[in-house]
Structure formats: structure tokens, C-alpha cells
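Chemist: Sharing coords-v9.txt here; it has compact mmCIF, C-alpha atoms and all ligand atoms.
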# COMPACT_ATOMS: atom_id res chain seq x y z
CA MET A 204 33.63 45.50 35.82
CA THR A 205 35.02 42.33 37.26
CA THR A 206 38.63 41.30 37.25
CA HIS A 207 39.84 37.84 36.40
CA LEU A 208 43.15 36.06 36.84
CA GLU A 209 45.67 35.62 34.08
CA LEU A 210 46.24 31.86 33.82
CA PRO A 211 49.26 30.65 31.83
CA GLY A 212 48.12 28.15 29.19
CA TYR A 213 44.56 29.51 29.14
CA ALA A 214 42.88 32.33 27.23
CA HIS A 215 40.15 34.27 29.01
CA VAL A 216 36.90 34.10 27.01
CA TYR A 217 34.10 35.38 29.25
CA SER A 218 33.24 36.54 32.75
CA GLY A 219 29.73 36.21 34.19
CA LYS A 220 28.63 37.63 37.50
CA VAL A 221 30.33 34.79 39.39
CA ARG A 222 32.37 32.66 36.97
CA ASP A 223 35.34 33.33 34.69
CA LEU A 224 35.63 31.12 31.60
CA TYR A 225 38.90 30.27 29.89
CA ALA A 226 39.79 28.15 26.88
CA PRO A 227 42.86 25.94 27.19
CA VAL A 228 45.50 26.95 24.66
CA GLY A 229 46.71 24.05 22.51
CA PRO A 230 50.31 23.27 21.49
CA ASP A 231 49.82 25.40 18.35
CA GLY A 232 48.99 28.41 20.53
CA ALA A 233 45.31 28.44 19.49
CA PRO A 234 42.48 28.07 22.04
CA VAL A 235 40.98 24.56 22.16
CA PRO A 236 37.32 25.13 21.16
CA ASP A 237 35.68 22.10 22.75
CA GLN A 238 36.88 22.63 26.33
CA LEU A 239 36.38 25.38 28.89
CA LEU A 240 37.91 26.02 32.27
CA LEU A 241 35.06 27.22 34.49
CA VAL A 242 36.49 29.14 37.44
CA ALA A 243 34.15 30.11 40.27
CA SER A 244 35.19 33.36 41.94
CA ASP A 245 34.27 34.51 45.46
CA ARG A 246 32.08 37.25 44.00
CA LEU A 247 28.55 37.63 45.32
CA SER A 248 25.81 39.59 43.63
CA ALA A 249 22.58 40.72 45.27
CA TYR A 250 19.85 42.84 43.72
CA ASP A 251 22.06 42.91 40.61
CA TRP A 252 24.89 44.67 42.44
CA MET A 253 28.29 43.14 43.04
CA MET A 254 29.02 43.07 46.74
CA SER A 255 32.31 44.15 48.21
CA PRO A 256 34.28 42.59 49.78
CA GLU A 257 34.06 39.08 48.33
CA ILE A 258 33.03 36.02 50.38
CA PRO A 259 36.12 33.91 51.15
CA ASP A 260 35.87 30.28 49.92
CA LYS A 261 32.54 30.82 48.18
CA GLY A 262 33.92 29.76 44.79
CA ALA A 263 35.37 26.57 46.23
CA VAL A 264 32.13 25.72 48.07
CA LEU A 265 30.07 26.19 44.89
CA THR A 266 32.50 24.16 42.80
CA ARG A 267 32.79 21.25 45.23
CA LEU A 268 29.06 21.18 45.86
CA SER A 269 28.24 21.17 42.14
CA LEU A 270 30.68 18.31 41.55
CA TRP A 271 29.05 16.35 44.38
CA TRP A 272 25.59 16.92 42.94
CA PHE A 273 26.64 16.07 39.37
CA ASP A 274 27.57 12.64 40.78
CA GLN A 275 24.30 12.27 42.68
CA LEU A 276 22.38 13.11 39.49
CA SER A 277 24.46 11.19 36.97
CA ASP A 278 21.82 8.51 36.40
CA LEU A 279 19.23 11.21 35.59
CA VAL A 280 21.24 13.43 33.28
CA PRO A 281 24.75 13.62 31.78
CA ASN A 282 26.86 16.62 32.82
CA HIS A 283 29.57 18.80 31.33
CA VAL A 284 32.43 17.86 33.66
CA LEU A 285 35.61 16.57 31.98
CA SER A 286 38.22 16.87 34.72
CA THR A 287 39.12 18.52 38.02
CA ASP A 288 42.79 18.59 37.05
CA VAL A 289 43.18 22.38 36.92
CA PRO A 290 45.97 24.97 37.40
CA ALA A 291 47.17 25.30 41.00
CA ALA A 292 46.15 28.97 41.08
CA VAL A 293 42.48 27.94 40.85
CA ALA A 294 42.65 24.52 42.50
CA GLY A 295 39.41 23.56 44.23
CA ARG A 296 37.33 26.20 42.50
CA ALA A 297 37.62 25.28 38.85
CA VAL A 298 36.57 22.45 36.57
CA LEU A 299 37.41 21.62 33.00
CA VAL A 300 34.14 21.17 31.11
CA ARG A 301 32.85 20.38 27.61
CA THR A 302 31.98 23.50 25.66
CA LEU A 303 28.26 23.36 24.96
CA ASP A 304 25.77 25.47 23.07
CA MET A 305 23.75 26.70 26.03
CA LEU A 306 19.96 26.77 25.73
CA LYS A 307 18.62 30.32 25.90
CA VAL A 308 16.34 29.47 28.82
CA GLU A 309 16.88 29.54 32.57
CA ALA A 310 15.36 26.24 33.67
CA ILE A 311 13.76 26.89 37.05
CA ALA A 312 11.66 24.54 39.14
CA ARG A 313 9.88 25.28 42.40
CA ALA A 314 9.00 22.77 45.12
CA TYR A 315 7.93 25.37 47.69
CA LEU A 316 6.15 28.66 47.11
CA THR A 317 7.97 31.94 47.80
CA GLY A 318 9.43 34.98 46.04
CA GLY A 319 8.24 35.59 42.49
CA GLY A 320 6.25 32.32 42.44
CA LEU A 321 4.27 33.39 45.51
CA GLU A 322 3.52 36.80 43.97
CA GLU A 323 2.22 35.17 40.80
CA TYR A 324 0.10 32.69 42.79
CA GLN A 325 -1.42 35.48 44.88
CA ALA A 326 -2.33 37.41 41.73
CA LYS A 327 -3.56 34.51 39.58
CA GLY A 328 -3.90 31.31 41.63
CA SER A 329 -1.37 29.68 39.30
CA VAL A 330 2.37 29.70 38.64
CA SER A 331 3.69 29.62 35.05
CA GLY A 332 0.27 28.48 33.89
CA VAL A 333 0.08 25.59 36.39
CA ALA A 334 -3.07 25.83 38.54
CA LEU A 335 -2.39 25.35 42.25
CA PRO A 336 -4.64 24.53 45.22
CA ASP A 337 -6.24 27.38 47.20
CA GLY A 338 -4.86 28.52 50.53
CA LEU A 339 -1.13 28.24 49.88
CA VAL A 340 1.05 30.72 51.79
CA ASP A 341 4.69 31.87 51.79
CA GLY A 342 6.75 28.70 52.24
CA SER A 343 4.01 26.18 51.40
CA ARG A 344 5.15 22.93 49.85
CA LEU A 345 3.71 22.46 46.34
CA PRO A 346 1.91 19.20 45.48
CA GLU A 347 4.78 18.54 43.03
CA PRO A 348 7.62 20.61 41.52
CA VAL A 349 6.48 23.18 38.96
CA PHE A 350 8.57 24.32 35.97
CA THR A 351 8.82 28.15 35.93
CA PRO A 352 11.27 29.07 33.14
CA THR A 353 12.65 32.54 32.45
CA THR A 354 14.65 34.16 29.70
CA LYS A 355 18.44 34.20 30.08
CA ALA A 356 18.99 37.95 29.88
CA PRO A 357 22.39 39.42 28.95
CA VAL A 358 24.51 40.80 31.83
CA GLY A 359 22.83 43.91 33.25
CA GLU A 360 19.31 42.98 32.18
CA HIS A 361 16.61 41.13 34.11
CA ASP A 362 15.45 37.59 33.37
CA LEU A 363 11.76 37.58 32.45
CA PRO A 364 9.17 34.83 33.03
CA MET A 365 8.47 32.66 29.97
CA THR A 366 5.28 30.73 29.30
CA PHE A 367 5.70 27.10 28.31
CA ALA A 368 4.52 28.03 24.80
CA GLU A 369 7.41 30.52 24.58
CA VAL A 370 9.87 27.84 25.66
CA GLU A 371 8.44 25.52 22.98
CA ALA A 372 8.83 28.27 20.40
CA ALA A 373 12.45 28.88 21.46
CA LEU A 374 13.63 25.28 21.81
CA GLY A 375 11.13 23.13 19.89
CA VAL A 376 8.40 21.09 21.56
CA GLU A 377 10.48 17.99 22.19
CA VAL A 378 13.41 19.79 23.85
CA ALA A 379 11.05 22.03 25.85
CA VAL A 380 9.26 19.00 27.31
CA GLU A 381 12.57 17.35 28.16
CA VAL A 382 13.98 20.50 29.81
CA SER A 383 10.84 20.76 31.95
CA ARG A 384 10.91 17.07 32.90
CA LEU A 385 14.62 17.05 33.76
CA THR A 386 14.50 20.31 35.73
CA ARG A 387 11.67 19.02 37.90
CA ALA A 388 13.37 15.62 38.29
CA ILE A 389 16.63 17.28 39.41
CA LEU A 390 14.78 19.29 42.05
CA ALA A 391 12.80 16.25 43.20
CA ARG A 392 15.98 14.15 43.51
CA GLY A 393 17.70 17.08 45.21
CA ASN A 394 14.95 17.25 47.81
CA GLU A 395 15.00 13.48 48.42
CA ILE A 396 18.70 13.67 49.22
CA ALA A 397 18.78 17.06 50.96
CA GLY A 398 15.63 16.38 53.00
CA ALA A 399 17.36 13.48 54.72
CA ARG A 400 20.17 15.91 55.63
CA GLY A 401 18.04 18.68 57.08
CA ILE A 402 17.76 20.97 54.05
CA LEU A 403 14.72 21.82 51.95
CA ILE A 404 15.42 23.07 48.44
CA ALA A 405 12.61 25.52 47.77
CA ASP A 406 13.52 26.21 44.17
CA THR A 407 16.45 26.00 41.83
CA LYS A 408 17.80 27.14 38.47
CA VAL A 409 19.74 24.86 36.16
CA GLU A 410 21.26 25.41 32.73
CA PHE A 411 21.38 22.86 29.93
CA GLY A 412 23.43 22.77 26.79
CA VAL A 413 23.83 20.57 23.76
CA ALA A 414 26.95 19.47 21.90
CA PRO A 415 27.82 22.08 19.22
CA ASP A 416 27.56 19.37 16.53
CA GLY A 417 24.02 18.60 17.70
CA SER A 418 24.88 15.02 18.70
CA GLY A 419 23.50 13.52 21.91
CA GLY A 420 20.82 14.94 24.16
CA LEU A 421 20.66 17.59 26.84
CA VAL A 422 23.71 18.00 29.06
CA LEU A 423 23.53 19.59 32.51
CA ALA A 424 26.05 22.45 32.64
CA ASP A 425 27.09 25.42 34.78
CA GLU A 426 26.44 24.81 38.50
CA VAL A 427 23.79 22.65 40.13
CA LEU A 428 21.83 22.79 43.40
CA THR A 429 24.11 25.35 45.05
CA PRO A 430 23.11 28.14 47.47
CA ASP A 431 23.63 30.60 44.55
CA SER A 432 21.29 28.79 42.17
CA SER A 433 18.76 27.61 44.76
CA ARG A 434 16.94 28.58 47.91
CA PHE A 435 18.10 26.26 50.70
CA TRP A 436 16.04 26.25 53.91
CA PRO A 437 16.96 24.58 57.18
CA ALA A 438 14.27 21.86 57.44
CA GLU A 439 13.95 22.09 61.23
CA LEU A 440 12.93 25.77 61.01
CA TRP A 441 10.47 25.37 58.12
CA GLU A 442 7.17 27.01 58.98
CA PRO A 443 4.87 28.15 56.16
CA GLY A 444 3.22 31.54 56.59
CA HIS A 445 6.23 33.83 56.52
CA PRO A 446 9.67 34.13 54.86
CA GLN A 447 11.97 31.24 55.82
CA PRO A 448 15.53 31.53 57.14
CA SER A 449 17.93 30.31 54.49
CA PHE A 450 21.45 29.22 53.60
CA ASP A 451 21.70 31.37 50.52
CA LYS A 452 22.46 35.03 49.96
CA GLN A 453 19.09 35.91 51.44
CA TYR A 454 21.22 36.80 54.49
CA VAL A 455 23.04 39.51 52.53
CA ARG A 456 19.78 40.70 51.00
CA GLU A 457 18.23 41.05 54.45
CA TRP A 458 21.16 43.08 55.73
CA LEU A 459 21.07 45.32 52.63
CA THR A 460 17.38 46.06 53.08
CA SER A 461 17.64 46.53 56.86
CA ALA A 462 17.87 49.97 58.46
CA GLU A 463 21.42 49.06 59.54
CA SER A 464 22.84 49.21 56.01
CA GLY A 465 21.41 52.68 55.40
CA TRP A 466 20.89 51.66 51.74
CA SER A 467 17.73 51.83 49.71
CA LYS A 468 17.17 49.29 46.95
CA SER A 469 15.31 51.86 44.86
CA SER A 470 17.98 54.59 45.21
CA GLY A 471 20.00 53.46 42.19
CA GLU A 472 23.09 54.03 44.37
CA PRO A 473 25.65 51.23 44.81
CA PRO A 474 25.19 49.37 48.13
CA PRO A 475 27.67 49.95 50.98
CA GLU A 476 30.58 47.63 51.83
CA LEU A 477 29.46 44.52 53.69
CA PRO A 478 30.57 44.61 57.34
CA ALA A 479 33.10 41.93 58.30
CA GLN A 480 30.46 40.16 60.36
CA VAL A 481 28.05 39.87 57.42
CA VAL A 482 30.86 38.51 55.24
CA GLU A 483 31.80 35.94 57.87
CA GLN A 484 28.17 34.90 58.50
CA THR A 485 27.58 34.51 54.78
CA ARG A 486 30.69 32.38 54.40
CA ALA A 487 29.53 30.27 57.34
CA LYS A 488 26.12 29.72 55.70
CA TYR A 489 27.70 28.52 52.45
CA VAL A 490 30.07 26.20 54.30
CA GLU A 491 27.29 24.85 56.52
CA ALA A 492 25.12 24.07 53.49
CA TYR A 493 28.04 22.20 51.91
CA GLU A 494 28.80 20.24 55.07
CA ARG A 495 25.19 19.34 55.82
CA LEU A 496 24.56 18.12 52.30
CA THR A 497 27.73 16.20 51.61
CA GLY A 498 28.45 15.08 55.17
CA GLU A 499 32.06 16.16 54.54
CA THR A 500 34.07 18.79 56.42
CA PHE A 501 34.85 21.69 54.11
P1 LIG B 601 23.88 34.00 36.50
O1 LIG B 601 24.38 34.94 37.53
O2 LIG B 601 22.43 34.12 36.18
O3 LIG B 601 24.27 32.59 36.80
P2 LIG B 601 26.01 34.56 34.69
O4 LIG B 601 26.01 34.40 33.21
O5 LIG B 601 26.51 35.87 35.20
O6 LIG B 601 24.54 34.40 35.12
P3 LIG B 601 28.16 32.89 35.75
O7 LIG B 601 27.85 31.71 36.58
O8 LIG B 601 28.97 33.97 36.32
O9 LIG B 601 26.71 33.32 35.30
O10 LIG B 601 28.88 32.48 34.39
C1 LIG B 601 28.88 31.20 33.89
C2 LIG B 601 28.61 31.26 32.41
O11 LIG B 601 29.12 30.06 31.81
C3 LIG B 601 27.13 31.32 32.09
O12 LIG B 601 26.92 32.20 31.01
C4 LIG B 601 26.82 29.88 31.65
O13 LIG B 601 25.74 29.82 30.76
C5 LIG B 601 28.13 29.48 30.98
N1 LIG B 601 28.40 28.03 30.95
C6 LIG B 601 28.34 27.16 31.98
N2 LIG B 601 28.68 25.91 31.59
C7 LIG B 601 28.98 25.99 30.26
C8 LIG B 601 29.40 25.03 29.26
N3 LIG B 601 29.61 23.74 29.57
N4 LIG B 601 29.59 25.48 28.00
C9 LIG B 601 29.40 26.78 27.68
N5 LIG B 601 29.01 27.74 28.57
C10 LIG B 601 28.80 27.34 29.85
MG MG B 602 25.56 31.35 36.68
Could you take the file, read its structure, and then write that structure out as C-alpha cells?
Ligand code: ATP
Ligand code: MG

Modeler:
Amino acid sequence: MTTHLELPGYAHVYSGKVRDLYAPVGPDGAPVPDQLLLVASDRLSAYDWMMSPEIPDKGAVLTRLSLWWFDQLSDLVPNHVLSTDVPAAVAGRAVLVRTLDMLKVEAIARAYLTGGGLEEYQAKGSVSGVALPDGLVDGSRLPEPVFTPTTKAPVGEHDLPMTFAEVEAALGVEVAVEVSRLTRAILARGNEIAGARGILIADTKVEFGVAPDGSGGLVLADEVLTPDSSRFWPAELWEPGHPQPSFDKQYVREWLTSAESGWSKSSGEPPPELPAQVVEQTRAKYVEAYERLTGETF
């Protein structure tokens, strides 16, 4: 269970693992259907558990970083942002967006090999049906970004890999091809920009939607190129052959799986409280990623 704020003038409609969604209430007292207030909380999930305590400023970092990226990507793809004029209680961590029908696919692209992509490559020599050169190791750069979609599982269930044929069956051939092209283009553009600022984006997940009346093309929604949706690696420490240090919640995952936490991933027991130092380090990682990328002080 997560708790959300009560916001005067807004009706709560949904809470995901990280975001709370509200509909603005119109003058007639009814929720406005074509707009959503997307509020990013400071919640952090790892291994499908909600961590406690929260990570101060995380919601603001994710929101400001997504807004910055939406601008950087605006010539590639339209986005859902309508306004950053939001209630004071959520200032800096909320945006007003267009309500979209979200595609039932998590659009993932990988530029470097690690995690689930690495496991698949080691077993089959390919990732999501794309054949890759021999000899790649953990952290290797791929010849070009590969589209590795998954299902968008309901809260509490795991996302599962999808073949491209399954994406075509779910979305239609034309939309599937466009989702793949845009996802890879977003990651490629992300790496052009981030690379110059000392960050490699190993992989990322984006979400697309379409207008409920079916007009127009794909719209980039949710969050984009954040440390929650992507693996960010400090470029100066990149060294293929082993797991890379990172700016994302990998730090929390490492603490959880270390002897120090006393927790076992397979126990089914909730993880322990994060020590103050882990919370502070994680906050620092998120802020550093934001500052490196945007060149702005958080
Ligand atoms: P995950 O942790 O995998 O991101 P989640 O569903 O728990 O999943 P949150 O980021 O907490 O994710 O919640 C955001 C929710 O808002 C997601 O379900 C996302 O699909 C949805 N969403 C984002 N932008 C829009 C939009 N413009 N219109 C409708 N729904 C949107
Ligand atoms: Mg999300």
C-alpha cells in the first residue's frame, strides 16, 4: 500500500510504484478526462519491494530530468507535457499531462549489454531475436541499440520479454515498427548528449501512448531517460568485463544483497530499513546524474 496526498481541486485516480495520478476537477465538480496531474513521489522500489525510508528529492529530480529530456527529444517525438503550473504542495515534482491510451508494451532499448540482456546473449548469442557478435561481455557496447520489449505487467507481477512478433500482434505491424524505431532513436540521442557529459546510458525503458480519439501518432509519456527508467554509468569508470558502477538504484540493490543488510532476496521477507547513509548516498547519485546531464545545480 502506498499513500498519496489529498490535493484540493484534483481527484486521485491511480498510484503506481512511484507516481500518483490525479485528474483535475472541473468547475462542474467532475474530473476533467483529458488531463492528468502526474506527481512523482520519493518512493523507491528495488526487487519489487518498496524501500523505507523514501529518498528525499527523488521525485523532483525525476520530474525535472524528464522535462529536460522531453525538450532535448522534441524534434524526434511529441510528448505528453501540457504545463508545469501545478499545486504548490507538489511544486517541482509534478506535471500536468495529456491523458493518453498507453500502449501495453514496455519499450526498452539497450546500447550496452548487461542484466537480462547479457543473460539472454550468453544463452543464445542474441537478444530479443537480434543476433550479436561473438565475444561480448558484461558492459560491452552493442554495435547499435537493440529493441528488447517486455509486457507491461499489472502491479505485483513481473514484466516478461516479448518477441517482436508478439509486439506486432499486440500493436499492429506499423505501430510496432514505429515504437521500435523511436525507442532506439531516443536511446541513441540520449547517449549522444549524455556521452558528452560523462554518462553512458546502458539501457532505458520508455512508454508511449496515443490520443484516446486515435488522432495523431505516438506520444512519449511517463518519464524519460531518468535513473529509474535507465541504467546510467559514469563514462570515466566504464570497463567491460564486470558489472559497472552506476547512478541508478543499483546502489540500493547492492546494499540489499550485501552481507551488511542481512537480507536474502529469496527469503520472501520484506527488506530491512535503509540505513541513513544508504539513503543519503542514493539521493546524491540521483542529484549527481541530474547535475551532470543538465549542467544545472539541483
Ligand atoms: P513502473 O514502476 O514499471 O514504471 P508503474 O506503473 O508502477 O510502473 P509509475 O511511474 O509509478 O509506474 O506510474 C505512472 C503510471 O502513469 C504508469 O502506469 C504510466 O503508464 C501512466 N502514465 C504516464 N503518463 C501517462 C499519460 N500521459 N496518460 C496516461 N497514463 C500515463
Ligand atoms: Mg513508471

Chemist: For stretch 424-440 of chain A, I'd like the enclosing box, axis-aligned and padded by 4 Å on every side, reported as AutoDock Vina command-line options with centre and edge lengths in Å to one decimal.

Modeler:
--center_x 20.0 --center_y 26.2 --center_z 46.9 --size_x 22.2 --size_y 16.7 --size_z 36.6

Chemist: Hey, which of A:Asp425, A:Asp341, A:Asp260, A:Glu476 ends up closest to ligand LIG 601 (chain B)? Count all atoms listed in the file.

Modeler: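 Of A:Asp425, A:Asp341, A:Asp260, A:Glu476, the one nearest ligand LIG 601 (chain B) is A:Asp425, counting all atoms listed in the file.
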
Chemist: Would you compute the distance between atom CA of A:Val308 and atom CA of A:Thr353? Give it in Å to one decimal.

Modeler: 6.0 Å

Chemist: Could you check which of A:Gly262, A:Pro415, A:Pro230, A:Gly212 is closest to ligand MG 602 (chain B), using only C-alpha atoms and all ligand atoms?

Modeler: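 Closest candidate: A:Gly262.
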
Chemist: May I have the residues within 7 Å of ligand LIG 601 (chain B), computed using all atoms listed in the file, as a PyMOL selection string?

Modeler: chain A and resi 218-224+239+283+300-305+358+410+412+424-425

Chemist: What is the atom CA of A:Val330-atom CA of A:Val349 distance in Å, reported with one decimal?

Modeler: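 Computing the Euclidean distance for atom CA of A:Val330 and atom CA of A:Val349 yields 7.7 Å.
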
Chemist: Do you have the atom CA of A:Gly393-atom CA of A:Arg456 distance handy?

Modeler: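 Computing it gives 24.4 Å between the two atoms.
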
Chemist: Please tell me which residues are no farther than 12 Å from (4.4, 22.1, 38.6) in the file, counting only C-alpha atoms, and write them as JSON, numbers by chain.

Modeler: {"A": [311, 312, 313, 314, 315, 316, 320, 329, 330, 331, 332, 333, 334, 335, 336, 344, 345, 346, 347, 348, 349, 350, 351, 352, 367, 383, 384, 386, 387, 388, 390, 391, 406]}

Chemist: Let me make sure I understand: among A:Leu299, A:Val427, A:Leu403, A:Val289, which one has the smallest atom-to-atom distance to ligand MG 602 (chain B) if we use all atoms listed in the file?

Modeler: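 That would be A:Val427, the residue with the smallest distance to ligand MG 602 (chain B).
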
Chemist: May I have the residues within 9 Å of stretch 250-258 of chain A as a ChimeraX atom specification, using all atoms listed in the file and disregarding those fewer than 2 positions away in the same chain?

Modeler: /A:205,220,244-248,260-262,359-361,456,468,473-479,482-483,485-486

Chemist: Please determine, counting only C-alpha atoms and all ligand atoms, which residue among A:Gln275, A:Thr287, A:Ser418, A:Ser433 has the shortest atom-to-atom distance to ligand MG 602 (chain B).

Modeler: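 For ligand MG 602 (chain B), the nearest of the given residues is A:Ser433.
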
Chemist: Identify which of the residues A:Glu457, A:Glu499, A:Glu309, A:Asp231 lies closest to ligand MG 602 (chain B), counting only C-alpha atoms and all ligand atoms when measuring atom-to-atom distances.

Modeler: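 Counting only C-alpha atoms and all ligand atoms, the residue closest to ligand MG 602 (chain B) is A:Glu309.
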
Chemist: Find, counting only C-alpha atoms and all ligand atoms, the residue in A:Gly417, A:Pro430, A:Gly498, A:Gly232 that gets nearest to ligand MG 602 (chain B).

Modeler: A:Pro430

Chemist: Give me the residues near A:Arg400 as a CSV table (one decimal) with C-alpha atoms, keeping the file's coordinate frame, where near means some atom within 12 Å (using all atoms listed in the file) and where sequence neighbours in that chain fewer than 4 positions away do not count.

Modeler:
chain,number,residue,atom,x,y,z
A,393,GLY,CA,17.7,17.1,45.2
A,394,ASN,CA,15.0,17.2,47.8
A,395,GLU,CA,15.0,13.5,48.4
A,396,ILE,CA,18.7,13.7,49.2
A,404,ILE,CA,15.4,23.1,48.4
A,435,PHE,CA,18.1,26.3,50.7
A,436,TRP,CA,16.0,26.2,53.9
A,437,PRO,CA,17.0,24.6,57.2
A,438,ALA,CA,14.3,21.9,57.4
A,439,GLU,CA,14.0,22.1,61.2
A,491,GLU,CA,27.3,24.8,56.5
A,492,ALA,CA,25.1,24.1,53.5
A,493,TYR,CA,28.0,22.2,51.9
A,494,GLU,CA,28.8,20.2,55.1
A,495,ARG,CA,25.2,19.3,55.8
A,496,LEU,CA,24.6,18.1,52.3
A,497,THR,CA,27.7,16.2,51.6
A,498,GLY,CA,28.4,15.1,55.2
A,499,GLU,CA,32.1,16.2,54.5

Chemist: Could you name the residues that touch A:Glu442 at 8 Å or less, counting all atoms listed in the file, but leaving out those on the same chain fewer than 3 positions away, as a list in words?

Modeler: Gly342, His445 and Gln447 of chain A
